[in-house]
$ cat run_25.cif   # mmCIF, C-alpha atoms
data_target
#
loop_
_atom_site.label_atom_id
_atom_site.label_comp_id
_atom_site.auth_asym_id
_atom_site.auth_seq_id
_atom_site.Cartn_x
_atom_site.Cartn_y
_atom_site.Cartn_z
CA MET A 30 299.06 69.97 20.93
CA LYS A 31 301.96 67.64 20.17
CA PHE A 32 302.87 69.77 17.17
CA LEU A 33 302.93 72.88 19.37
CA ARG A 34 305.20 71.19 21.89
CA LYS A 35 307.58 70.16 19.13
CA CYS A 36 307.71 73.72 17.83
CA LEU A 37 308.45 75.09 21.29
CA SER A 38 311.18 72.55 21.90
CA VAL A 39 312.79 73.33 18.55
CA ALA A 40 312.63 77.07 19.32
CA LEU A 41 314.28 76.55 22.72
CA VAL A 42 317.05 74.51 21.15
CA MET A 43 317.66 77.21 18.54
CA LEU A 44 317.80 79.90 21.23
CA THR A 45 320.30 77.96 23.33
CA VAL A 46 322.52 77.50 20.27
CA LEU A 47 322.27 80.94 18.66
CA LEU A 48 322.20 83.15 21.77
CA PRO A 49 325.78 82.35 22.88
CA LEU A 50 326.96 82.79 19.29
CA SER A 51 325.41 86.26 19.06
CA ILE A 52 326.90 87.25 22.41
CA THR A 53 330.40 86.16 21.43
CA ALA A 54 330.05 87.84 18.05
CA ASN A 55 329.15 91.13 19.69
CA ALA A 56 331.90 90.73 22.27
CA ALA A 57 334.53 90.48 19.51
CA THR A 58 333.87 93.93 18.05
CA VAL A 59 336.64 96.51 18.20
CA SER A 60 334.62 98.89 20.35
CA ASN A 61 333.69 96.22 22.88
CA MET A 62 337.28 95.06 23.21
CA GLN A 63 338.54 98.62 23.73
CA ASN A 64 335.82 99.37 26.28
CA LYS A 65 336.45 96.13 28.14
CA VAL A 66 340.20 96.80 28.46
CA LEU A 67 339.53 100.30 29.80
CA SER A 68 336.77 99.06 32.11
CA VAL A 69 339.17 96.54 33.63
CA ALA A 70 341.85 99.24 33.99
CA ASN A 71 339.53 101.81 35.57
CA ASN A 72 338.26 99.25 38.07
CA GLU A 73 341.86 98.91 39.31
CA VAL A 74 342.29 102.65 40.00
CA GLY A 75 343.23 103.02 43.66
CA TYR A 76 345.02 99.69 43.94
CA THR A 77 348.14 100.12 46.07
CA GLY A 78 351.24 97.96 45.95
CA SER A 79 354.81 99.20 46.20
CA SER A 80 357.33 100.46 43.71
CA SER A 81 358.60 96.90 43.19
CA TYR A 82 355.67 94.63 44.17
CA SER A 83 352.11 94.19 42.86
CA LYS A 84 349.49 91.54 42.28
CA TYR A 85 350.11 92.02 38.56
CA GLY A 86 353.69 90.90 39.11
CA GLU A 87 352.35 87.80 40.85
CA TRP A 88 350.33 87.04 37.72
CA TYR A 89 353.24 87.70 35.39
CA GLY A 90 355.84 85.89 37.48
CA TYR A 91 358.19 88.84 37.92
CA GLN A 92 358.36 91.48 40.63
CA GLY A 93 359.86 94.87 39.85
CA GLY A 94 358.63 98.01 38.13
CA TRP A 95 355.09 97.01 37.19
CA CYS A 96 353.66 99.62 34.80
CA THR A 97 354.12 97.19 31.88
CA THR A 98 352.76 94.15 33.74
CA PHE A 99 349.68 96.18 34.74
CA ALA A 100 348.91 96.99 31.10
CA LEU A 101 349.44 93.38 29.99
CA TRP A 102 347.28 92.13 32.90
CA CYS A 103 344.40 94.39 31.76
CA PHE A 104 344.50 92.96 28.23
CA ASN A 105 344.68 89.41 29.53
CA LYS A 106 341.73 89.84 31.92
CA ALA A 107 339.62 91.65 29.32
CA GLY A 108 340.32 88.88 26.83
CA GLU A 109 339.29 86.21 29.32
CA GLU A 110 336.01 87.98 30.03
CA LEU A 111 335.22 88.36 26.31
CA GLY A 112 336.49 84.95 25.27
CA VAL A 113 339.07 86.54 22.94
CA GLN A 114 342.83 86.13 23.29
CA MET A 115 344.30 89.64 23.39
CA TYR A 116 347.40 88.93 25.47
CA LYS A 117 350.31 87.80 23.26
CA LYS A 118 348.26 88.69 20.18
CA ILE A 119 347.77 92.46 20.10
CA VAL A 120 350.15 93.14 22.99
CA PRO A 121 353.50 91.39 23.54
CA SER A 122 353.94 88.64 26.08
CA GLY A 123 356.17 90.79 28.27
CA GLY A 124 359.15 93.10 28.31
CA ASN A 125 359.74 96.69 29.31
CA CYS A 126 358.73 99.98 27.70
CA ASN A 127 361.44 100.07 25.05
CA SER A 128 361.00 96.43 24.01
CA MET A 129 357.25 97.01 23.71
CA ILE A 130 357.92 100.03 21.48
CA SER A 131 360.17 97.85 19.32
CA TRP A 132 357.42 95.20 19.14
CA TYR A 133 354.91 97.74 17.80
CA LYS A 134 357.47 99.31 15.46
CA ASN A 135 358.06 95.93 13.83
CA LYS A 136 354.34 95.71 13.16
CA GLY A 137 354.10 99.29 11.87
CA ARG A 138 351.77 100.27 14.72
CA TYR A 139 353.94 102.69 16.73
CA HIS A 140 353.45 106.45 16.33
CA THR A 141 355.54 109.22 17.86
CA ARG A 142 353.81 112.17 19.50
CA ASP A 143 355.05 114.54 16.79
CA SER A 144 353.91 112.32 13.90
CA GLY A 145 350.41 113.83 13.83
CA TYR A 146 348.79 110.58 14.97
CA THR A 147 345.57 111.00 16.96
CA PRO A 148 345.62 108.53 19.87
CA LYS A 149 342.66 106.22 20.30
CA LYS A 150 341.10 104.73 23.40
CA GLY A 151 342.78 101.48 24.30
CA ASP A 152 346.15 102.57 22.89
CA LEU A 153 349.33 102.18 24.88
CA VAL A 154 351.01 105.50 25.70
CA PHE A 155 354.75 105.62 26.36
CA PHE A 156 356.50 108.32 28.41
CA ASP A 157 360.02 109.73 28.49
CA TRP A 158 360.34 111.52 31.84
CA SER A 159 364.02 112.40 31.49
CA GLY A 160 363.95 113.53 27.86
CA ASN A 161 366.85 111.25 26.86
CA GLY A 162 364.97 109.44 24.09
CA SER A 163 364.32 106.31 26.17
CA SER A 164 360.90 105.38 27.56
CA GLN A 165 360.60 104.72 31.31
CA HIS A 166 356.82 104.39 31.75
CA VAL A 167 353.70 103.14 29.97
CA GLY A 168 349.95 103.51 30.49
CA LEU A 169 346.62 103.09 28.70
CA VAL A 170 344.83 105.85 26.80
CA ASP A 171 341.39 106.22 28.40
CA TYR A 172 340.03 108.96 26.13
CA ILE A 173 340.95 112.20 24.35
CA ASP A 174 339.40 115.64 24.82
CA GLY A 175 340.91 118.08 22.36
CA SER A 176 344.65 118.04 23.00
CA THR A 177 344.21 116.62 26.52
CA VAL A 178 345.08 112.94 26.95
CA TYR A 179 343.43 111.01 29.79
CA THR A 180 345.16 107.82 30.89
CA VAL A 181 345.12 104.94 33.38
CA GLU A 182 348.60 103.94 34.58
CA GLY A 183 350.11 101.38 36.89
CA ASN A 184 352.95 101.91 39.35
CA CYS A 185 352.46 105.65 39.86
CA SER A 186 354.33 105.81 43.16
CA GLY A 187 353.13 102.26 43.83
CA LYS A 188 349.49 102.90 42.85
CA VAL A 189 347.14 102.61 39.89
CA LYS A 190 346.08 106.15 38.97
CA ALA A 191 343.96 107.99 36.42
CA ARG A 192 345.89 110.93 34.98
CA LYS A 193 345.56 113.67 32.40
CA TYR A 194 348.21 115.40 30.28
CA THR A 195 347.85 118.93 28.94
CA LYS A 196 350.10 121.52 27.31
CA THR A 197 350.10 123.59 30.52
CA GLY A 198 350.29 120.72 33.01
CA SER A 199 353.07 120.41 35.56
CA LYS A 200 356.25 118.97 34.08
CA PRO A 201 356.95 116.24 33.48
CA TYR A 202 354.22 114.12 35.03
CA ASN A 203 351.17 116.00 33.74
CA ASN A 204 352.55 117.74 30.67
CA ILE A 205 351.89 116.35 27.21
CA SER A 206 355.55 116.94 26.31
CA ALA A 207 356.43 113.88 28.42
CA ILE A 208 354.55 111.61 25.98
CA MET A 209 357.01 109.83 23.70
CA GLY A 210 354.57 107.94 21.46
CA TYR A 211 351.68 105.51 21.15
CA GLY A 212 351.35 101.79 20.43
CA ASN A 213 348.14 100.95 18.60
CA PRO A 214 346.95 97.36 19.27
CA ASP A 215 345.36 95.73 16.23
CA TYR A 216 341.92 95.08 17.71
CA SER A 217 340.41 94.62 14.24
CA SER A 218 342.55 91.54 13.62
CA LEU A 219 340.79 89.78 16.50
CA ALA A 220 337.36 91.00 15.45
CA LYS A 221 337.87 89.57 11.97
CA GLY A 222 339.81 86.55 13.11
CA GLY A 223 337.04 85.07 15.27
CA SER A 224 334.91 83.71 12.45
CA SER A 225 337.72 83.22 9.94
CA ALA A 226 339.69 81.12 12.41
CA GLN A 227 336.73 78.75 12.77
CA THR A 228 336.24 78.42 9.04
CA THR A 229 339.90 77.69 8.47
CA THR A 230 339.89 74.96 11.09
CA LYS A 231 336.90 73.40 9.36
CA LYS A 232 338.71 73.50 6.04
CA VAL A 233 341.70 71.81 7.58
CA THR A 234 339.54 69.02 8.97
CA THR A 235 337.79 68.52 5.62
CA THR A 236 341.06 68.13 3.70
CA LYS A 237 340.79 64.35 3.78
CA LYS A 238 341.95 64.27 0.15
CA VAL A 239 345.50 64.18 1.44
CA THR A 240 344.84 60.76 2.93
CA THR A 241 343.77 59.48 -0.50
CA THR A 242 347.45 59.16 -1.39
CA LYS A 243 347.13 55.63 -0.01
CA LYS A 244 345.25 54.74 -3.20
CA VAL A 245 348.27 55.81 -5.21
CA THR A 246 350.58 53.64 -3.15
CA THR A 247 348.44 50.60 -3.96
CA THR A 248 349.46 50.84 -7.64
CA LYS A 249 352.91 49.43 -6.94
CA LYS A 250 353.01 47.63 -10.28
CA VAL A 251 353.42 50.93 -12.08
CA THR A 252 356.48 51.95 -10.05
CA THR A 253 359.13 50.14 -12.08
CA THR A 254 362.11 52.16 -13.23
CA LYS A 255 361.71 51.00 -16.84
CA LYS A 256 358.18 52.33 -17.07
CA VAL A 257 359.20 55.64 -15.54
CA THR A 258 361.87 56.19 -18.18
CA THR A 259 359.40 55.34 -20.96
CA THR A 260 356.83 57.76 -19.66
CA LYS A 261 359.38 60.57 -20.02
CA LYS A 262 359.24 60.10 -23.79
CA ALA A 263 355.48 60.58 -23.87
CA THR A 264 354.25 64.10 -24.68
CA THR A 265 350.63 63.96 -23.54
CA ALA A 266 349.64 65.69 -20.32
CA LYS A 267 348.12 62.56 -18.89
CA LYS A 268 351.28 60.54 -19.27
CA THR A 269 353.46 63.24 -17.79
CA THR A 270 351.22 63.46 -14.78
CA THR A 271 351.37 59.70 -14.38
CA ALA A 272 355.15 59.95 -14.66
CA LYS A 273 355.24 62.45 -11.85
CA SER A 274 352.97 60.29 -9.75
CA ALA A 275 355.06 57.29 -10.69
CA THR A 276 358.23 58.92 -9.41
CA LYS A 277 356.45 59.77 -6.17
CA GLN A 278 355.13 56.23 -5.95
CA SER A 279 358.58 54.81 -6.56
CA THR A 280 359.96 56.66 -3.59
CA THR A 281 357.03 55.66 -1.41
CA ALA A 282 357.25 52.10 -2.62
CA SER A 283 360.93 51.95 -1.72
CA THR A 284 360.22 53.25 1.72
CA THR A 285 357.30 50.89 2.26
CA LYS A 286 359.42 47.87 1.33
CA LYS A 287 361.93 48.85 4.03
CA PRO A 288 361.01 49.54 7.67
CA THR A 289 359.30 52.91 8.01
CA THR A 290 361.90 54.17 10.47
CA THR A 291 363.50 56.29 7.74
CA GLN A 292 360.52 58.62 7.48
CA PRO A 293 360.68 59.97 11.08
CA THR A 294 364.42 60.65 10.73
CA THR A 295 363.92 62.72 7.60
CA THR A 296 361.09 64.73 9.17
CA THR A 297 363.08 65.40 12.31
CA THR A 298 366.08 66.61 10.32
CA THR A 299 363.96 68.97 8.25
CA GLN A 300 362.22 70.25 11.37
CA ALA A 301 365.53 70.78 13.15
CA LYS A 302 366.44 73.45 10.61
CA ASN A 303 363.30 75.46 11.38
CA VAL A 304 362.76 74.80 15.08
CA MET A 305 361.50 77.96 16.76
CA ALA A 306 362.45 78.75 20.34
CA THR A 307 359.68 78.19 22.88
CA ASP A 308 361.44 79.48 25.99
CA MET A 309 364.60 81.21 27.14
CA VAL A 310 366.67 81.18 30.34
CA LEU A 311 368.94 84.10 31.28
CA ASN A 312 372.23 83.67 33.09
CA ALA A 313 374.71 86.13 34.60
CA SER A 314 377.53 85.55 37.05
CA THR A 315 376.24 88.40 39.25
CA THR A 316 373.57 91.10 39.30
CA GLU A 317 375.29 93.22 41.98
CA LEU A 318 377.69 95.61 40.25
CA GLN A 319 379.81 98.61 41.08
CA VAL A 320 380.28 101.59 38.80
CA GLY A 321 382.78 100.56 36.15
CA ASP A 322 382.08 96.81 36.42
CA SER A 323 380.99 94.69 33.49
CA VAL A 324 379.20 91.35 33.30
CA LYS A 325 377.94 89.15 30.50
CA LEU A 326 374.17 88.58 30.40
CA GLY A 327 373.81 85.36 28.46
CA TYR A 328 370.83 83.24 27.48
CA THR A 329 369.95 79.65 26.64
CA LEU A 330 367.17 78.91 24.17
CA GLU A 331 364.82 75.98 24.62
CA PRO A 332 364.80 73.56 22.88
CA LEU A 333 368.56 73.49 22.52
CA ASN A 334 368.57 73.14 18.72
CA SER A 335 366.32 76.17 18.20
CA THR A 336 367.26 79.58 16.82
CA ALA A 337 365.92 83.08 17.47
CA VAL A 338 366.57 86.75 16.80
CA VAL A 339 367.54 88.19 20.20
CA GLY A 340 367.56 91.82 21.31
CA TYR A 341 368.47 93.61 24.56
CA PHE A 342 366.55 96.55 26.04
CA CYS A 343 366.89 98.76 29.12
CA ASP A 344 364.77 101.65 30.44
CA GLU A 345 367.52 103.29 32.52
CA GLU A 346 370.48 104.04 30.28
CA GLY A 347 372.03 106.28 32.95
CA ILE A 348 372.59 103.28 35.23
CA ILE A 349 373.79 100.56 32.89
CA GLN A 350 374.99 100.50 29.33
CA ILE A 351 374.29 97.50 27.06
CA GLU A 352 377.18 96.73 24.78
CA GLN A 353 377.43 94.30 21.88
CA GLY A 354 376.78 90.65 22.68
CA GLY A 355 374.86 91.36 25.89
CA GLU A 356 377.78 92.88 27.81
CA ILE A 357 376.36 94.88 30.74
CA LYS A 358 378.45 97.85 31.90
CA ALA A 359 377.63 99.75 35.10
CA ILE A 360 377.90 103.55 34.63
CA GLY A 361 375.72 104.98 37.43
CA GLU A 362 374.16 104.10 40.76
CA GLY A 363 370.64 102.61 40.96
CA THR A 364 368.60 99.63 39.83
CA ALA A 365 367.93 98.95 36.16
CA THR A 366 365.87 96.25 34.46
CA VAL A 367 367.31 94.60 31.35
CA VAL A 368 364.90 92.75 29.07
CA VAL A 369 366.06 90.11 26.60
CA CYS A 370 363.61 89.45 23.76
CA ALA A 371 363.61 86.47 21.38
CA ASN A 372 361.65 86.63 18.11
CA ASP A 373 359.44 89.41 19.54
CA GLU A 374 357.56 86.68 21.42
CA ILE A 375 359.63 85.50 24.41
CA TYR A 376 360.54 88.10 27.04
CA LYS A 377 362.78 87.52 30.04
CA GLN A 378 364.13 90.22 32.33
CA CYS A 379 366.80 90.66 34.93
CA ASP A 380 367.43 93.43 37.49
CA PHE A 381 370.93 94.83 38.01
CA THR A 382 371.79 96.87 41.11
CA VAL A 383 374.72 99.27 40.74
CA THR A 384 376.46 100.88 43.70
CA SER A 385 379.65 102.84 44.32
CA VAL A 386 380.20 101.32 47.77
CA SER A 387 382.22 98.14 48.16
CA VAL A 388 381.47 96.09 51.26
CA GLU A 389 384.10 93.79 52.71
CA VAL A 390 383.30 91.16 55.32
CA THR A 391 386.14 89.98 57.54
CA LYS A 392 385.99 87.35 60.25
CA GLN A 393 387.83 87.62 63.52
CA LYS A 394 388.06 84.62 65.80
CA THR A 395 387.19 85.20 69.44
CA ALA A 396 387.54 82.82 72.32
CA ASN A 397 384.23 81.10 71.60
CA ASP A 398 383.04 81.96 68.10
CA TYR A 399 383.64 83.90 64.94
CA VAL A 400 382.52 87.54 64.84
CA GLU A 401 381.75 89.16 61.51
CA GLU A 402 382.82 92.75 61.00
CA ILE A 403 381.57 94.72 58.02
CA THR A 404 383.89 97.43 56.82
CA LYS A 405 382.95 99.84 54.09
CA ALA A 406 385.48 101.00 51.59
CA PRO A 407 385.65 104.73 50.84
CA VAL A 408 382.82 105.93 48.62
CA ASN A 409 383.98 106.65 45.14
CA THR A 410 382.36 110.01 44.50
CA GLU A 411 384.15 110.51 41.20
CA LYS A 412 381.72 110.04 38.34
CA THR A 413 382.50 108.16 35.18
CA LYS A 414 382.79 109.84 31.81
CA GLU A 415 379.56 108.21 30.61
CA GLN A 416 377.69 109.40 33.71
CA ARG A 417 378.91 113.00 33.33
CA LEU A 418 377.86 113.07 29.69
CA TYR A 419 374.47 111.56 30.53
CA GLU A 420 373.81 114.22 33.18
CA ILE A 421 374.34 117.06 30.69
CA GLY A 422 372.02 115.44 28.15
CA ILE A 423 374.52 113.60 25.95
CA ASN A 424 373.58 109.99 25.20
CA ILE A 425 376.83 108.06 24.80
CA ASN A 426 375.00 105.19 23.05
CA LYS A 427 373.68 107.49 20.32
CA LEU A 428 377.15 108.96 19.86
CA LYS A 429 378.56 105.47 19.34
CA ASP A 430 375.80 104.59 16.87
CA ASN A 431 376.68 107.66 14.75
CA ASP A 432 380.47 107.52 14.98
CA GLU A 433 380.76 107.58 11.18
CA TYR A 434 379.81 111.27 11.28
CA TYR A 435 382.62 112.23 13.67
CA PRO A 436 384.99 113.49 10.88
CA VAL A 437 382.42 116.07 9.76
CA PRO A 438 382.73 118.46 12.75
CA VAL A 439 386.50 117.86 12.82
CA ILE A 440 386.78 118.92 9.16
CA ILE A 441 384.59 121.95 9.79
CA ALA A 442 386.63 122.96 12.84
CA GLY A 443 389.89 122.45 10.95
CA ALA A 444 388.69 124.50 7.99
CA THR A 445 387.57 127.26 10.36
CA ILE A 446 390.99 127.34 12.04
CA ILE A 447 392.79 127.47 8.69
CA VAL A 448 390.59 130.31 7.41
CA GLY A 449 391.09 132.19 10.68
CA LEU A 450 394.86 131.81 10.52
CA ALA A 451 394.88 132.91 6.88
CA ALA A 452 392.81 136.00 7.73
CA PHE A 453 395.11 136.77 10.65
CA GLY A 454 398.19 136.45 8.41
CA ILE A 455 396.67 138.67 5.73
CA ARG A 456 395.80 141.32 8.30
CA LYS A 457 399.33 141.27 9.71
CA ALA A 458 400.80 141.57 6.20
CA VAL A 459 398.61 144.58 5.44
CA GLU A 460 399.60 146.24 8.70
CA ARG A 461 403.28 145.59 7.94
CA LYS A 462 402.98 147.18 4.49
CA LYS A 463 401.29 150.23 5.98
CA ARG A 464 404.05 150.55 8.57
CA ASN A 465 406.76 150.29 5.93
CA ARG A 466 405.00 152.87 3.77
CA ASN A 467 404.78 155.32 6.66
CA GLU A 468 408.44 154.81 7.49
CA SER A 469 409.45 155.45 3.86
CA ASP A 470 407.37 158.65 3.79
CA ASP A 471 409.16 159.92 6.87
#

$ encode --input "run_25.cif" --output "C-alpha cells"
Amino acid sequence: MKFLRKCLSVALVMLTVLLPLSITANAATVSNMQNKVLSVANNEVGYTGSSSYSKYGEWYGYQGGWCTTFALWCFNKAGEELGVQMYKKIVPSGGNCNSMISWYKNKGRYHTRDSGYTPKKGDLVFFDWSGNGSSQHVGLVDYIDGSTVYTVEGNCSGKVKARKYTKTGSKPYNNISAIMGYGNPDYSSLAKGGSSAQTTTKKVTTTKKVTTTKKVTTTKKVTTTKKVTTTKKATTAKKTTTAKSATKQSTTASTTKKPTTTQPTTTTTTQAKNVMATDMVLNASTTELQVGDSVKLGYTLEPLNSTAVVGYFCDEEGIIQIEQGGEIKAIGEGTATVVVCANDEIYKQCDFTVTSVSVEVTKQKTANDYVEEITKAPVNTEKTKEQRLYEIGININKLKDNDEYYPVPVIIAGATIIVGLAAFGIRKAVERKKRNRNESDD
C-alpha cells in the first residue's frame, strides 16, 4: 500500500511538471501563434473609438491614427496569452506604415503585391489609398480565398472592421489594387527560439571555467619579465602557451598590485564606444505650421554618449515634406504624423498640423479689463508648386532622388529640336531649288 502511494505521488509530481511544459511547447508553434493573433484581432471587430483616439493608443502611449497601434496591440496580447514575446521581436516596437515597411525590408521579409508572393494568415498588409507609392494604412491578413484577401483592420473610420479585397471590389477601399505589399513576421524564429533560448542560458550558467582564471593569477612567481623573454626563445607548444599565459598573468599581476580602480575605467571606456541607444526624445520649436513654413525636428538619444542610425518617415507626403537632417517643410493643409526611428528598434512620433490661415490675437483695453479680439488673415488659396505637382500625381521627393537622370530628357528634347530644324531647313532648300528651276524654265 505504501509503495502504491509513492507511485501515485511520483506520477502526480511528474504530471504537474510536464503538463505545463507540453502546453507551452504547443503554444509556441507557428500555427498557434498565427491563430492566436487573428483570434485576438477578430474579437476586437466592432470596437469603436475615433479617428484619433483608441484604447490601443492608451496602451501604446500615443493618440493619433491607430491602425498601426491596433496591429501591434494584437501581437502583444497574443504573445502574453501564449507566454511568447511577439511584440518587438517579429513586429517593430512602433512607428507608422512606412517605417514598418522599412523594418521588414531590412529583414528581407517584405513583399510587394506584384512580386508573386502569396500572403499568409497573420501577415501584415499595407495599403496605398492614393497611389503615390506611400503607405497610409495597415491591417492583418485573416485568410486567403483564391485571389480574395480577407483582413482585420483598425481605425476604419474609427472602428475595427473585417474587410475583403477583390479584383472587382469598389476602389480603393475594397479593391486588391489598393494593396501595396505584405510584411511577413518570422513566427518560426519564436517557435525554434523557445527551447534553444533555455539551453543557451544553461550553457552560460555552466561556463564556470572562466572563473578558474583565479588559479592562474595565483602563480605570480612566474610573471617576471626575465622569464617571459626566455620563454619566447622556446619552440615547444607547451612553453609558448605558458608564455602567453605569463604575459596575461603579468598584466593581471600588475593590476592586482595596484588598486583595482583601473579595471572599471577601462571597461567603461570600451563600452562607451559601443553604447546602444535605449530611448529617444523628439524636440521641435512648434508643431503648428502654415503652408511654406519649415521647422527642424530634432532628437536626443539616451544615454547621451550613445549612437544610432536614425531615419524619418511620414505617411502623408502631400502635407509635409521631410528634407535632409529632419527639416520639416509644410506643403499642404492637414495633419501628418512623422515617425523618427533609431536602429529599427526605438520609434517616436510627432504630429504636425498645417494650415493656410494665420490667426492674430490683439488685445484692446477697455475701462475695466482687456478684451481679446481674434482676427483672421486672408486665406491664401494659392497652392505651392509641390502641392500642385502632388495633385497631378508627381512625387517631388522621387524627382529629387533621381535628379541625376534629368539631363537625359533634356538631351533627347534638344536632339529632337535639332533634327526637326535640320529637316525644316532641308525642306525649305528643296522648295527653293524647285522654285528657281521653274523660274529658269519660264

$ resolve_selection --input "run_25.cif" --expression "the PyMOL selection byres ((chain A and resi 74-82) around 9)" --output "JSON, numbers by chain"
{"A": [70, 71, 72, 73, 83, 84, 85, 86, 87, 91, 92, 93, 94, 95, 181, 182, 183, 184, 185, 186, 187, 188, 189, 190, 191]}

$ atom_distance --input "run_25.cif" --atom1 "CA of Pro148 (chain A)" --atom2 "CA of Met115 (chain A)"
19.3 Å

$ atom_distance --input "run_25.cif" --atom1 "CA of Cys379 (chain A)" --atom2 "CA of Val320 (chain A)"
17.8 Å

$ residues_around --input "run_25.cif" --residues "Val338 (chain A)" --least-positions-apart "3" --cutoff "10 Å" --atoms "all atoms listed in the file" --output "number ranges by chain"
A: 306, 370-373

$ closest_residue --input "run_25.cif" --among "A:Val66, A:Met129, A:His140, A:Gly123" --to "Asp171 (chain A)" --atoms "all atoms listed in the file"
A:Val66

$ resolve_selection --input "run_25.cif" --expression "the PyMOL selection byres ((chain A and resi 325) around 8)" --output "list of chain:residue names"
A:Ala313, A:Ser314, A:Ser323, A:Val324, A:Leu326, A:Gly327, A:Gly355, A:Glu356, A:Ile357

$ residues_around --input "run_25.cif" --residues "Trp158 (chain A)" --least-positions-apart "2" --cutoff "9 Å" --atoms "all atoms listed in the file" --output "JSON, numbers by chain"
{"A": [156, 160, 161, 163, 164, 165, 166, 200, 201, 202, 207, 208, 209]}
